[in-house]
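Next comes coords_34.txt, with compact mmCIF, C-alpha atoms.
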```
# COMPACT_ATOMS: atom_id res chain seq x y z
CA MET Y 1 75.41 115.43 47.13
CA LYS Y 2 77.12 113.52 44.42
CA LYS Y 3 77.90 109.92 45.23
CA SER Y 4 81.66 109.33 45.63
CA ILE Y 5 83.30 107.02 43.11
CA ARG Y 6 86.34 104.79 43.14
CA LEU Y 7 88.63 104.60 40.16
CA SER Y 8 91.53 102.39 39.18
CA ARG Y 9 94.87 104.03 38.38
CA ARG Y 10 94.59 102.32 35.00
CA GLU Y 11 91.07 103.66 34.32
CA VAL Y 12 90.53 104.81 30.72
CA LEU Y 13 88.03 106.95 28.85
CA LYS Y 14 86.51 105.06 25.94
CA GLY Y 15 85.49 106.85 22.77
CA ALA Y 16 84.26 106.06 19.29
CA ALA Y 17 86.03 103.55 17.07
CA GLY Y 18 87.56 101.83 20.08
CA VAL Y 19 89.85 104.75 20.96
CA THR Y 20 90.89 104.86 24.62
CA LEU Y 21 92.68 107.53 26.63
CA ALA Y 22 94.31 106.90 30.03
CA LEU Y 23 93.20 109.16 32.87
CA PRO Y 24 95.69 111.21 34.90
CA LEU Y 25 96.13 110.50 38.61
CA LEU Y 26 92.93 111.70 40.32
CA GLU Y 27 92.04 112.03 44.01
CA ALA Y 28 89.22 109.53 43.47
CA MET Y 29 91.85 106.91 42.71
CA ALA Y 30 93.43 107.23 46.16
CA VAL Y 31 90.42 105.78 47.99
CA ASN Y 32 90.45 102.55 46.01
CA GLU Y 33 91.14 99.95 48.67
CA GLN Y 34 92.58 97.63 46.03
CA GLU Y 35 95.24 100.17 45.09
CA PRO Y 36 96.52 101.92 48.23
CA LEU Y 37 98.90 104.85 48.10
CA PRO Y 38 102.43 103.89 47.08
CA ARG Y 39 104.96 103.17 49.81
CA ARG Y 40 108.50 103.95 48.76
CA PHE Y 41 111.99 103.26 50.08
CA CYS Y 42 115.29 105.06 49.41
CA ALA Y 43 118.65 104.08 50.92
CA LEU Y 44 121.45 106.67 50.89
CA TYR Y 45 124.95 105.58 51.91
CA THR Y 46 128.02 107.63 52.73
CA ALA Y 47 131.37 105.95 53.30
CA ASN Y 48 134.04 106.37 55.98
CA GLY Y 49 131.70 107.04 58.89
CA MET Y 50 130.73 110.42 60.31
CA SER Y 51 132.51 113.07 62.37
CA LEU Y 52 132.51 112.14 66.08
CA PRO Y 53 135.32 114.39 67.40
CA LYS Y 54 137.55 113.50 70.31
CA THR Y 55 136.44 115.17 73.54
CA ASP Y 56 139.86 116.74 74.19
CA HIS Y 57 139.47 118.89 71.05
CA GLU Y 58 136.38 120.54 72.62
CA ILE Y 59 134.47 120.73 69.33
CA ASP Y 60 131.57 118.55 70.43
CA GLU Y 61 129.23 120.77 68.41
CA TRP Y 62 130.63 119.09 65.27
CA SER Y 63 129.44 115.63 66.34
CA TRP Y 64 127.09 114.03 63.81
CA PHE Y 65 124.94 112.48 66.52
CA PRO Y 66 122.80 114.97 68.47
CA ARG Y 67 124.28 116.36 71.67
CA GLY Y 68 122.16 117.69 74.53
CA ARG Y 69 118.57 118.96 74.57
CA ASP Y 70 116.93 122.35 74.22
CA GLU Y 71 114.58 124.02 76.71
CA ALA Y 72 111.65 122.06 75.27
CA GLY Y 73 113.46 118.78 75.90
CA ARG Y 74 114.07 118.11 72.20
CA PHE Y 75 117.41 116.83 70.93
CA GLN Y 76 119.75 119.47 69.57
CA PHE Y 77 121.22 119.30 66.08
CA GLY Y 78 124.97 119.66 65.87
CA LYS Y 79 126.61 121.94 63.33
CA SER Y 80 127.09 119.08 60.87
CA THR Y 81 123.36 118.22 60.80
CA GLU Y 82 121.94 121.70 61.44
CA PRO Y 83 120.75 122.08 57.80
CA LEU Y 84 118.16 119.36 58.57
CA LEU Y 85 116.52 121.41 61.35
CA PRO Y 86 113.44 122.32 59.20
CA PHE Y 87 112.62 118.59 59.05
CA ARG Y 88 112.87 117.97 62.80
CA GLU Y 89 109.33 116.55 62.95
CA LYS Y 90 109.89 114.34 59.89
CA LEU Y 91 113.16 112.64 60.81
CA SER Y 92 114.87 110.78 63.64
CA PHE Y 93 118.41 109.79 64.58
CA LEU Y 94 119.12 106.20 65.64
CA GLY Y 95 122.18 105.23 67.66
CA GLY Y 96 123.70 102.05 69.00
CA LEU Y 97 123.06 100.05 65.83
CA TYR Y 98 125.41 97.45 64.40
CA HIS Y 99 125.65 94.34 62.24
CA PRO Y 100 126.85 91.39 64.37
CA SER Y 101 128.96 90.28 61.40
CA GLY Y 102 130.65 93.69 61.23
CA PRO Y 103 133.30 93.21 63.94
CA LYS Y 104 134.22 89.83 62.42
CA ALA Y 105 134.72 91.14 58.86
CA ASP Y 106 137.31 93.15 56.98
CA PRO Y 107 136.41 96.75 57.96
CA HIS Y 108 136.41 97.73 54.28
CA THR Y 109 133.43 95.47 53.63
CA CYS Y 110 131.11 97.67 55.69
CA SER Y 111 129.47 99.13 52.58
CA ASP Y 112 128.99 95.65 51.10
CA MET Y 113 127.04 94.50 54.16
CA TRP Y 114 125.26 97.77 55.02
CA LEU Y 115 121.95 96.80 53.37
CA THR Y 116 122.42 93.03 53.73
CA GLY Y 117 123.84 92.28 57.18
CA ALA Y 118 125.56 89.27 55.63
CA PRO Y 119 128.62 87.55 57.11
CA LEU Y 120 130.49 88.14 53.80
CA HIS Y 121 132.12 84.77 53.36
CA ASN Y 122 131.85 82.00 50.81
CA PRO Y 123 129.63 79.23 52.16
CA GLU Y 124 129.37 77.84 48.65
CA PRO Y 125 131.12 78.48 45.32
CA GLY Y 126 130.09 81.73 43.70
CA SER Y 127 128.41 83.06 46.84
CA TYR Y 128 129.62 86.15 48.69
CA ASN Y 129 126.78 88.24 50.04
CA SER Y 130 123.03 88.04 50.63
CA VAL Y 131 120.10 90.10 49.42
CA GLY Y 132 119.95 93.81 50.16
CA LEU Y 133 116.96 95.52 51.79
CA ASP Y 134 116.26 97.56 48.65
CA GLN Y 135 115.88 94.40 46.57
CA VAL Y 136 113.47 92.83 49.05
CA VAL Y 137 111.39 96.01 48.74
CA ALA Y 138 111.69 95.80 44.94
CA ARG Y 139 110.44 92.20 44.84
CA HIS Y 140 107.29 93.19 46.72
CA THR Y 141 106.58 96.46 44.90
CA LYS Y 142 107.68 95.80 41.31
CA GLN Y 143 104.19 94.82 40.13
CA HIS Y 144 103.01 98.37 40.87
CA CYS Y 145 105.62 100.35 38.94
CA ARG Y 146 107.54 100.49 35.69
CA GLN Y 147 110.95 99.60 37.09
CA PRO Y 148 111.60 97.24 40.03
CA SER Y 149 114.42 99.33 41.45
CA LEU Y 150 116.87 102.11 40.73
CA VAL Y 151 120.50 101.50 41.72
CA LEU Y 152 122.78 104.56 41.69
CA SER Y 153 126.31 105.35 42.78
CA VAL Y 154 128.80 108.16 42.45
CA ASP Y 155 130.88 105.60 40.49
CA ALA Y 156 129.16 103.36 37.96
CA GLY Y 157 129.35 99.57 37.96
CA THR Y 158 130.04 97.37 40.97
CA GLY Y 159 133.62 98.11 41.99
CA PHE Y 160 135.02 95.02 43.69
CA SER Y 161 134.58 93.09 46.93
CA SER Y 162 135.44 95.19 50.02
CA ARG Y 163 135.69 98.38 47.92
CA THR Y 164 132.31 98.04 46.30
CA GLY Y 165 130.85 100.59 43.89
CA THR Y 166 127.26 99.62 44.72
CA ILE Y 167 125.28 98.97 47.89
CA SER Y 168 122.63 96.85 46.16
CA TYR Y 169 122.81 93.04 46.15
CA SER Y 170 120.53 90.53 44.44
CA TYR Y 171 118.80 87.53 46.02
CA GLU Y 172 121.84 85.50 44.92
CA GLY Y 173 124.12 87.86 46.86
CA ARG Y 174 125.68 89.34 43.74
CA PRO Y 175 126.36 93.07 43.37
CA ILE Y 176 123.93 94.92 41.12
CA PRO Y 177 125.71 97.45 38.88
CA ALA Y 178 124.97 101.08 39.67
CA GLU Y 179 124.46 103.99 37.27
CA ASN Y 180 126.11 107.37 37.87
CA ASN Y 181 125.33 109.42 34.75
CA PRO Y 182 122.31 111.77 35.15
CA ARG Y 183 121.49 111.77 31.43
CA ARG Y 184 121.48 107.98 31.21
CA VAL Y 185 119.35 107.79 34.36
CA PHE Y 186 116.91 110.32 32.90
CA ASP Y 187 116.69 108.49 29.57
CA ARG Y 188 116.05 105.20 31.31
CA LEU Y 189 113.34 106.66 33.55
CA PHE Y 190 111.53 109.22 31.45
CA ARG Y 191 112.44 109.24 27.78
CA GLY Y 192 109.97 107.08 25.91
CA ASP Y 193 110.56 105.82 22.41
CA ARG Y 194 108.96 108.13 19.83
CA ALA Y 195 107.92 105.21 17.71
CA SER Y 196 104.34 104.00 17.74
CA LEU Y 197 103.17 101.80 20.59
CA GLU Y 198 103.15 98.75 18.33
CA GLN Y 199 106.70 99.47 17.18
CA GLN Y 200 107.81 99.91 20.81
CA ARG Y 201 106.14 96.64 21.78
CA ALA Y 202 107.75 94.73 18.89
CA SER Y 203 111.16 96.23 19.71
CA LEU Y 204 110.85 95.31 23.38
CA GLN Y 205 109.83 91.74 22.59
CA HIS Y 206 112.79 91.39 20.22
CA ARG Y 207 115.19 92.69 22.88
CA ILE Y 208 113.74 90.38 25.53
CA LYS Y 209 114.30 87.39 23.21
CA LEU Y 210 117.89 88.47 22.63
CA VAL Y 211 118.56 88.76 26.35
CA ASP Y 212 116.95 85.36 26.96
CA ALA Y 213 119.20 83.80 24.32
CA VAL Y 214 122.33 85.40 25.75
CA LEU Y 215 121.41 84.30 29.27
CA GLU Y 216 120.89 80.70 28.16
CA ASN Y 217 124.18 80.56 26.24
CA SER Y 218 126.04 82.21 29.11
CA ARG Y 219 124.78 79.67 31.63
CA ALA Y 220 125.97 76.84 29.40
CA LEU Y 221 129.37 78.50 29.06
CA ASN Y 222 129.54 79.12 32.81
CA ARG Y 223 129.81 75.39 33.52
CA LYS Y 224 133.03 75.17 31.50
CA LEU Y 225 134.91 78.07 33.13
CA GLY Y 226 137.32 78.34 36.03
CA ARG Y 227 136.35 80.00 39.30
CA SER Y 228 137.69 83.47 38.50
CA ASP Y 229 135.99 83.54 35.10
CA ARG Y 230 132.77 82.22 36.61
CA GLU Y 231 132.72 85.10 39.09
CA LYS Y 232 133.17 87.62 36.26
CA LEU Y 233 130.47 85.94 34.23
CA ASP Y 234 128.13 85.85 37.25
CA GLN Y 235 128.47 89.61 37.53
CA TYR Y 236 127.65 89.91 33.84
CA LEU Y 237 124.63 87.64 34.23
CA THR Y 238 123.39 89.73 37.15
CA SER Y 239 123.51 92.78 34.89
CA LEU Y 240 121.61 90.90 32.17
CA ASN Y 241 118.96 89.78 34.64
CA GLU Y 242 118.46 93.40 35.66
CA VAL Y 243 118.14 94.42 32.01
CA GLU Y 244 115.62 91.66 31.38
CA ALA Y 245 113.54 92.68 34.41
CA ARG Y 246 113.43 96.28 33.17
CA LEU Y 247 112.46 95.20 29.65
CA VAL Y 248 109.63 93.00 30.91
CA ALA Y 249 108.39 95.83 33.13
CA SER Y 250 108.56 98.26 30.20
CA GLU Y 251 106.40 95.98 28.08
CA ARG Y 252 103.73 95.78 30.79
CA TRP Y 253 103.57 99.56 31.15
CA ILE Y 254 103.88 100.55 27.51
CA ASP Y 255 100.22 101.60 27.20
CA VAL Y 256 100.17 103.62 30.45
CA PRO Y 257 101.29 107.23 29.95
CA LEU Y 258 103.78 108.80 32.33
CA LYS Y 259 102.68 111.55 34.67
CA ARG Y 260 103.40 114.96 33.16
CA GLN Y 261 106.24 116.64 35.07
CA ASP Y 262 108.51 119.67 34.87
CA PHE Y 263 112.11 118.74 34.01
CA SER Y 264 113.32 122.30 33.41
CA HIS Y 265 115.37 122.40 36.65
CA LEU Y 266 117.49 119.39 35.68
CA ASN Y 267 121.07 119.71 34.49
CA LEU Y 268 121.65 116.42 32.69
CA GLU Y 269 125.23 117.40 31.92
CA ALA Y 270 126.16 117.29 35.62
CA HIS Y 271 128.75 114.61 36.32
CA SER Y 272 130.68 113.27 39.29
CA GLU Y 273 133.90 114.94 38.15
CA GLY Y 274 132.25 118.37 38.23
CA GLU Y 275 130.83 120.37 41.12
CA PRO Y 276 129.77 118.00 43.94
CA GLU Y 277 126.64 119.98 44.89
CA ASP Y 278 125.42 120.21 41.30
CA TYR Y 279 125.95 116.48 40.81
CA TYR Y 280 124.25 115.33 43.99
CA ARG Y 281 121.27 117.63 43.58
CA ASN Y 282 120.60 116.48 40.04
CA MET Y 283 120.74 112.85 41.11
CA PHE Y 284 118.37 113.62 44.00
CA ASP Y 285 116.06 115.45 41.59
CA LEU Y 286 115.92 112.34 39.40
CA ILE Y 287 115.06 110.12 42.38
CA ALA Y 288 112.34 112.53 43.54
CA LEU Y 289 110.83 112.69 40.05
CA ALA Y 290 110.90 108.88 39.76
CA PHE Y 291 109.05 108.58 43.07
CA ASP Y 292 106.56 111.27 42.12
CA ALA Y 293 105.76 109.55 38.81
CA ASP Y 294 105.66 106.15 40.59
CA ILE Y 295 108.23 104.76 38.16
CA THR Y 296 109.93 102.83 40.96
CA ARG Y 297 109.44 102.40 44.68
CA SER Y 298 112.93 101.16 45.57
CA VAL Y 299 116.13 103.23 45.26
CA ALA Y 300 119.68 102.71 46.52
CA PHE Y 301 122.20 105.53 46.07
CA MET Y 302 125.84 105.24 47.17
CA LEU Y 303 127.13 108.78 47.75
CA ASN Y 304 130.74 107.81 48.50
CA ARG Y 305 132.96 104.72 48.38
CA GLU Y 306 135.11 103.29 51.15
CA ASP Y 307 138.88 103.56 51.60
CA GLY Y 308 139.50 106.51 49.27
CA MET Y 309 138.11 104.72 46.23
CA GLY Y 310 136.39 106.67 43.44
CA ILE Y 311 136.03 110.28 42.40
CA SER Y 312 134.03 111.37 45.46
CA ASP Y 313 137.10 111.06 47.69
CA THR Y 314 138.23 114.42 46.29
CA PHE Y 315 134.91 116.21 46.94
CA PRO Y 316 136.10 117.82 50.23
CA LEU Y 317 139.05 119.36 48.37
CA LYS Y 318 136.65 120.83 45.78
CA LEU Y 319 134.74 122.40 48.67
CA GLY Y 320 137.87 124.10 50.00
CA LEU Y 321 138.59 121.66 52.85
CA THR Y 322 142.07 120.47 53.73
CA ARG Y 323 142.07 116.75 52.86
CA THR Y 324 140.32 114.04 50.92
CA HIS Y 325 137.28 112.32 52.43
CA HIS Y 326 139.15 109.16 53.46
CA ASN Y 327 142.00 111.15 54.98
CA LEU Y 328 139.57 113.30 56.94
CA SER Y 329 138.00 110.15 58.38
CA HIS Y 330 141.42 109.16 59.75
CA ALA Y 331 142.31 112.64 61.02
CA GLY Y 332 143.06 112.89 64.74
CA ASP Y 333 144.00 116.56 64.85
CA LEU Y 334 141.64 119.45 65.59
CA GLU Y 335 141.62 120.93 62.07
CA GLY Y 336 141.05 117.57 60.39
CA GLN Y 337 138.22 116.56 62.70
CA ARG Y 338 136.52 119.93 62.28
CA ASP Y 339 136.81 119.67 58.47
CA PHE Y 340 135.34 116.18 58.63
CA GLY Y 341 132.35 117.72 60.39
CA LYS Y 342 132.14 120.41 57.73
CA TYR Y 343 131.96 117.76 55.02
CA ASP Y 344 129.17 116.04 56.96
CA ARG Y 345 127.42 119.42 56.99
CA PHE Y 346 127.73 119.58 53.19
CA LEU Y 347 126.10 116.15 52.93
CA SER Y 348 123.34 117.30 55.31
CA GLN Y 349 122.67 120.24 52.99
CA GLN Y 350 122.22 117.86 50.07
CA LEU Y 351 119.96 115.61 52.15
CA HIS Y 352 117.87 118.66 53.09
CA TYR Y 353 117.51 119.48 49.40
CA PHE Y 354 116.31 115.94 48.68
CA LEU Y 355 113.83 115.85 51.56
CA GLN Y 356 112.44 119.21 50.48
CA ARG Y 357 111.92 117.92 46.95
CA LEU Y 358 110.05 114.89 48.25
CA ASP Y 359 107.98 117.11 50.54
CA ASP Y 360 107.08 119.44 47.67
CA TYR Y 361 105.69 116.65 45.49
CA ARG Y 362 102.14 115.77 46.43
CA ASP Y 363 100.30 112.48 46.58
CA PRO Y 364 96.50 112.50 46.85
CA SER Y 365 97.08 112.09 50.60
CA GLY Y 366 100.08 113.95 51.97
CA SER Y 367 103.45 114.52 50.36
CA VAL Y 368 105.68 111.99 48.62
CA LEU Y 369 107.93 112.24 51.71
CA ASP Y 370 104.99 111.20 53.92
CA ASN Y 371 104.70 108.06 51.78
CA ALA Y 372 108.42 107.26 51.58
CA ILE Y 373 111.06 106.04 54.01
CA VAL Y 374 114.50 107.58 53.48
CA LEU Y 375 117.38 105.76 55.18
CA PHE Y 376 120.68 107.68 55.42
CA GLY Y 377 123.78 106.33 57.09
CA SER Y 378 127.19 104.71 57.01
CA GLY Y 379 128.70 101.30 57.65
CA ALA Y 380 131.11 102.65 60.28
CA SER Y 381 130.87 105.24 63.04
CA THR Y 382 134.44 106.48 63.32
CA THR Y 383 137.35 105.05 61.34
CA HIS Y 384 136.69 101.34 60.69
CA ASN Y 385 134.49 101.06 63.80
CA PRO Y 386 131.51 98.80 62.99
CA LYS Y 387 129.57 99.76 66.15
CA ASN Y 388 127.10 102.61 66.75
CA LEU Y 389 126.44 103.05 63.02
CA PRO Y 390 125.31 106.61 62.21
CA THR Y 391 121.70 106.26 61.06
CA LEU Y 392 119.00 108.76 60.15
CA ILE Y 393 115.51 107.86 58.99
CA ALA Y 394 113.18 110.44 57.45
CA GLY Y 395 109.65 110.41 56.05
CA GLY Y 396 107.04 107.71 56.32
CA GLY Y 397 104.55 109.82 58.28
CA ASN Y 398 101.68 107.99 56.57
CA MET Y 399 103.41 104.64 57.15
CA GLY Y 400 103.37 104.64 60.94
CA LEU Y 401 106.72 106.34 61.66
CA LYS Y 402 106.82 108.72 64.65
CA HIS Y 403 109.64 111.23 64.35
CA GLY Y 404 111.40 114.06 66.13
CA THR Y 405 113.50 111.81 68.38
CA TYR Y 406 117.05 110.65 68.96
CA TRP Y 407 116.64 106.98 69.84
CA ARG Y 408 119.57 104.93 71.07
CA LYS Y 409 119.97 101.43 72.45
CA ASP Y 410 123.45 99.96 72.26
CA ASP Y 411 124.02 96.68 70.41
CA THR Y 412 120.73 96.85 68.54
CA ARG Y 413 120.82 94.84 65.35
CA MET Y 414 120.56 96.92 62.20
CA SER Y 415 118.61 94.03 60.70
CA ASP Y 416 115.88 94.61 63.30
CA VAL Y 417 115.57 98.16 61.96
CA TYR Y 418 115.39 96.79 58.43
CA LEU Y 419 112.66 94.32 59.38
CA SER Y 420 110.74 97.21 60.94
CA ILE Y 421 111.12 99.20 57.71
CA LEU Y 422 109.74 96.27 55.72
CA HIS Y 423 106.72 96.04 58.01
CA SER Y 424 106.15 99.79 57.65
CA MET Y 425 106.21 99.22 53.89
CA GLY Y 426 103.42 96.69 54.32
CA ILE Y 427 105.85 93.83 53.59
CA GLU Y 428 105.22 91.24 56.28
CA GLU Y 429 108.48 89.30 56.15
CA THR Y 430 109.09 87.21 59.28
CA SER Y 431 112.81 87.99 59.33
CA PHE Y 432 115.60 89.78 57.52
CA ALA Y 433 119.23 88.57 57.62
CA ASP Y 434 120.08 88.02 61.31
CA SER Y 435 117.13 89.96 62.73
CA THR Y 436 115.58 88.94 66.04
CA GLY Y 437 112.30 90.78 65.44
CA PRO Y 438 110.88 94.22 64.63
CA LEU Y 439 111.62 97.04 67.08
CA SER Y 440 108.77 97.82 69.47
CA ASP Y 441 110.19 100.84 71.31
CA CYS Y 442 111.67 102.79 68.42
CA ILE Y 443 110.11 105.15 65.83
CA PHE Y 444 108.06 102.44 64.14
CA SER Y 445 104.44 101.61 64.80
CA LYS Y 446 101.78 99.73 62.90
CA VAL Y 447 99.60 101.84 60.60
```

Let me see whether you can do it: turn the structure in this file into structure tokens.
Amino acid sequence: MKKSIRLSRREVLKGAAGVTLALPLLEAMAVNEQEPLPRRFCALYTANGMSLPKTDHEIDEWSWFPRGRDEAGRFQFGKSTEPLLPFREKLSFLGGLYHPSGPKADPHTCSDMWLTGAPLHNPEPGSYNSVGLDQVVARHTKQHCRQPSLVLSVDAGTGFSSRTGTISYSYEGRPIPAENNPRRVFDRLFRGDRASLEQQRASLQHRIKLVDAVLENSRALNRKLGRSDREKLDQYLTSLNEVEARLVASERWIDVPLKRQDFSHLNLEAHSEGEPEDYYRNMFDLIALAFDADITRSVAFMLNREDGMGISDTFPLKLGLTRTHHNLSHAGDLEGQRDFGKYDRFLSQQLHYFLQRLDDYRDPSGSVLDNAIVLFGSGASTTHNPKNLPTLIAGGGNMGLKHGTYWRKDDTRMSDVYLSILHSMGIEETSFADSTGPLSDCIFSKV
């Protein structure tokens, strides 16, 4: 028998005249204890809560949360989540969750605090929020991948406080601008410069110096501005910091070739003003490809914005439903509540597509889905209700997650779930936001 070997992911073949060639990802690389399999995190947010119909309408089958059990004692999917049935053993529903700060805050800030659990006030000038879960993951995984994180939204930018256009917040509590254009996302992730490596390196170093200079000048200017202008400039500086982090990461990975992948199924001309299904699926394809190539291990994607903001509010109308997304969330009549459930079903179909993509891509041990935690949910249950937040967690089979359940314990802190996710990622933080400790009786267990 041949003796087994262990290889680094950055192993190279050396030839004559000092020429080196990077190896592709090999199974032998997976057993290297110094470089364990990647653990990934993706947060998916939908605004306005989920359909939880009134009992007097007798359409309980359109409830987003599972209702009843089958003959085998397993929870039953409702019509709005039925498309996820093939992934029963790779996902779980969680009920009874909330952020303690939620009932005290403007109900429209629920997307702002979804990944942070922050009280959303101003304890000091220039402060509004706290760090999001995705950015904590990014801080601990960025040394392993080309880009620390990927922040996406159906609407680009940040929006504004209480009607945010992003769910990602930095360690300073500032919103991180999101990208919504598939072609720009693709170019950022996959399209390398065709210039020589030395030209690329020189260009990157030049750009890093420019960003450094702008940051330094902006900080000096910041001290001379009024509060409103300082807040605008802080947002600009957050964007620059993100750019700088990506540039530095690009320089470190410039000599490591990307994994060869098939991009033929992508439609980079898809946009949020077109067909909703085409747009969502192309964005999900880009996330799945980024995970498969290990370009990033932290993604946040805002599928809809609160309070009727943004282009996605009209998506139900494009699907032939009766009202906009925000109006459906306020509907009290039978037709409106059923249509709200139908829109939830549409979102479940897109989530199924994404999970299938992740399950199709293979790591040396298991699928990409087995080595990724996908968090899907909303910052409200029914209209402006910050309790019993609809939450679904999928994947992570190789990270200690035990699925196929509907777990519920009322008044459980969402931050306890987030701390449990961090521990499943191998990130041993002692706390997150207002957490009281990791959950011991939920779907999480130590690997």

- Query: Quick one: of Y:Arg67, Y:His99, Y:His403, Y:Lys142, who's nearest to Gly117 (chain Y), counting all atoms listed in the file?
  - Reply: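 Nearest candidate to Gly117 (chain Y) out of Y:Arg67, Y:His99, Y:His403, Y:Lys142: Y:His99.
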
- Message: As an exercise, work out the distance from CA of Leu392 (chain Y) to CA of Val374 (chain Y) in Å and give it to one decimal place.
- Response: 8.1 Å

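Remark: for Tyr128 (chain Y), the closest of the candidate residues Y:Leu150, Y:Leu84, Y:Asp333, Y:Arg174 is Y:Arg174 (distances computed over all atoms listed in the file).
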
- Best match for closeness to Glu58 (chain Y) among Y:Thr391, Y:Ser440, Y:Gln337, Y:Gln356, counting all atoms listed in the file: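 For Glu58 (chain Y), the nearest of the candidates is Y:Gln337.
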
- Message: Excluding Ile427 (chain Y) and its own-chain neighbours fewer than 2 positions away, which residues fall within 12 Å of it when counting all atoms listed in the file? Please give them as a list of chain:residue names.
- Response: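 Result of the neighbour search: Y:Arg39, Y:Arg40, Y:Phe41, Y:Leu133, Y:Val136, Y:Val137, Y:Ala138, Y:Arg139, Y:His140, Y:Thr141, Y:Met399, Y:Tyr418, Y:Leu419, Y:Ser420, Y:Ile421, Y:Leu422, Y:His423, Y:Ser424, Y:Met425, Y:Glu429, Y:Thr430, Y:Ser431, Y:Phe432, Y:Lys446.
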
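Separating CA of Asp285 (chain Y) from CA of Tyr169 (chain Y) is a distance of 23.8 Å.
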
- Out of Y:Pro38, Y:Gly397, Y:Gly366, Y:Pro182, which residue has the shortest atom-to-atom distance to Ser153 (chain Y) when counting all atoms listed in the file?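 Comparing Y:Pro38, Y:Gly397, Y:Gly366, Y:Pro182 against Ser153 (chain Y), the winner is Y:Pro182.
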
Can you check which parts of region 253-343 of chain Y lie within 10 Å of region 106-112 of chain Y? Per residue, the shortest pair of atoms and distance in Å to one decimal, counting only C-alpha atoms, sorted by chain and number, as a Markdown table.
```
| residue | atom | partner | partner_atom | distance |
| --- | --- | --- | --- | --- |
| Y:Met302 | CA | Y:Ser111 | CA | 8.9 |
| Y:Asn304 | CA | Y:Ser111 | CA | 9.7 |
| Y:Arg305 | CA | Y:Ser111 | CA | 7.8 |
| Y:Glu306 | CA | Y:His108 | CA | 6.5 |
| Y:Asp307 | CA | Y:His108 | CA | 6.9 |
```

- Task: Would you mind listing what lies within 12 Å of Glu179 (chain Y) as JSON, numbers by chain, with all atoms listed in the file counted and same-chain residues fewer than 6 positions away left out?
- Result: {"Y": [149, 150, 151, 152, 153, 154, 155, 156, 157, 158, 159, 165, 166, 167, 168, 185, 186, 187, 188, 239, 271, 272, 283, 299, 300, 301, 302, 303]}

- Find the spatial neighbours of region 377-388 of chain Y, counting all atoms listed in the file, within a cut-off of 8 Å - ignore same-chain residues fewer than 5 positions away - and output them as a ChimeraX atom specification. /Y:44-52,95-99,102-103,107-108,110-111,113-114,329-330,410-411

- Message: Considering all atoms listed in the file, can you say which of Y:Pro390, Y:Thr164, Y:Ile176, Y:Gln261 comes closest to Gly308 (chain Y)?
- Response: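 Closest residue, counting all atoms listed in the file: Y:Thr164.
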
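Pairwise distance (CA of Ala433 (chain Y), CA of Ser445 (chain Y)) equals 21.0 Å.
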
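Closest approach to Asp262 (chain Y) from the set Y:Tyr361, Y:Tyr406, Y:Phe444, Y:Phe315 is made by Y:Tyr361, with distances taken over all atoms listed in the file.
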
- Query: Do you know which residues lie at most 12 Å from (115.1, 115.7, 61.4), with coordinates as in the file and all atoms listed in the file counted, and could you write them as a PyMOL selection string?
  - Reply: chain Y and resi 65-66+74-78+81-94+348+351-352+355-356+374-376+391-395+402-406

Quick one: residues within 7 Å of Trp62 (chain Y), only C-alpha atoms counted, chain neighbours fewer than 4 positions away excluded, as a PDB file with C-alpha atoms, keeping the file's coordinate frame?
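Contents of the output file around.pdb:
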```
ATOM      1  CA  SER Y  51     132.510 113.070  62.370  1.00  0.00           C
ATOM      2  CA  PRO Y  53     135.320 114.390  67.400  1.00  0.00           C
ATOM      3  CA  GLY Y  78     124.970 119.660  65.870  1.00  0.00           C
ATOM      4  CA  LYS Y  79     126.610 121.940  63.330  1.00  0.00           C
ATOM      5  CA  SER Y  80     127.090 119.080  60.870  1.00  0.00           C
ATOM      6  CA  ARG Y 338     136.520 119.930  62.280  1.00  0.00           C
ATOM      7  CA  GLY Y 341     132.350 117.720  60.390  1.00  0.00           C
TER       8      GLY Y 341
END
```

Using the structure block above, produce a file of region 57-72 of chain Y that contains C-alpha atoms, as an mmCIF file, in the first residue's frame.
```cif
data_model
loop_
_atom_site.group_PDB
_atom_site.id
_atom_site.type_symbol
_atom_site.label_atom_id
_atom_site.label_comp_id
_atom_site.auth_asym_id
_atom_site.auth_seq_id
_atom_site.Cartn_x
_atom_site.Cartn_y
_atom_site.Cartn_z
ATOM 1 C CA HIS Y 57 -59.917 32.167 7.914
ATOM 2 C CA GLU Y 58 -59.330 28.384 8.191
ATOM 3 C CA ILE Y 59 -56.265 28.417 5.922
ATOM 4 C CA ASP Y 60 -53.846 27.110 8.525
ATOM 5 C CA GLU Y 61 -52.080 25.141 5.791
ATOM 6 C CA TRP Y 62 -50.595 28.461 4.597
ATOM 7 C CA SER Y 63 -48.791 29.081 7.886
ATOM 8 C CA TRP Y 64 -45.029 29.457 7.458
ATOM 9 C CA PHE Y 65 -44.292 27.605 10.687
ATOM 10 C CA PRO Y 66 -44.959 23.846 10.549
ATOM 11 C CA ARG Y 67 -48.381 22.678 11.689
ATOM 12 C CA GLY Y 68 -49.036 19.177 13.000
ATOM 13 C CA ARG Y 69 -47.094 15.937 12.508
ATOM 14 C CA ASP Y 70 -47.262 13.059 10.070
ATOM 15 C CA GLU Y 71 -47.707 9.367 10.910
ATOM 16 C CA ALA Y 72 -43.971 9.056 11.559
#
```
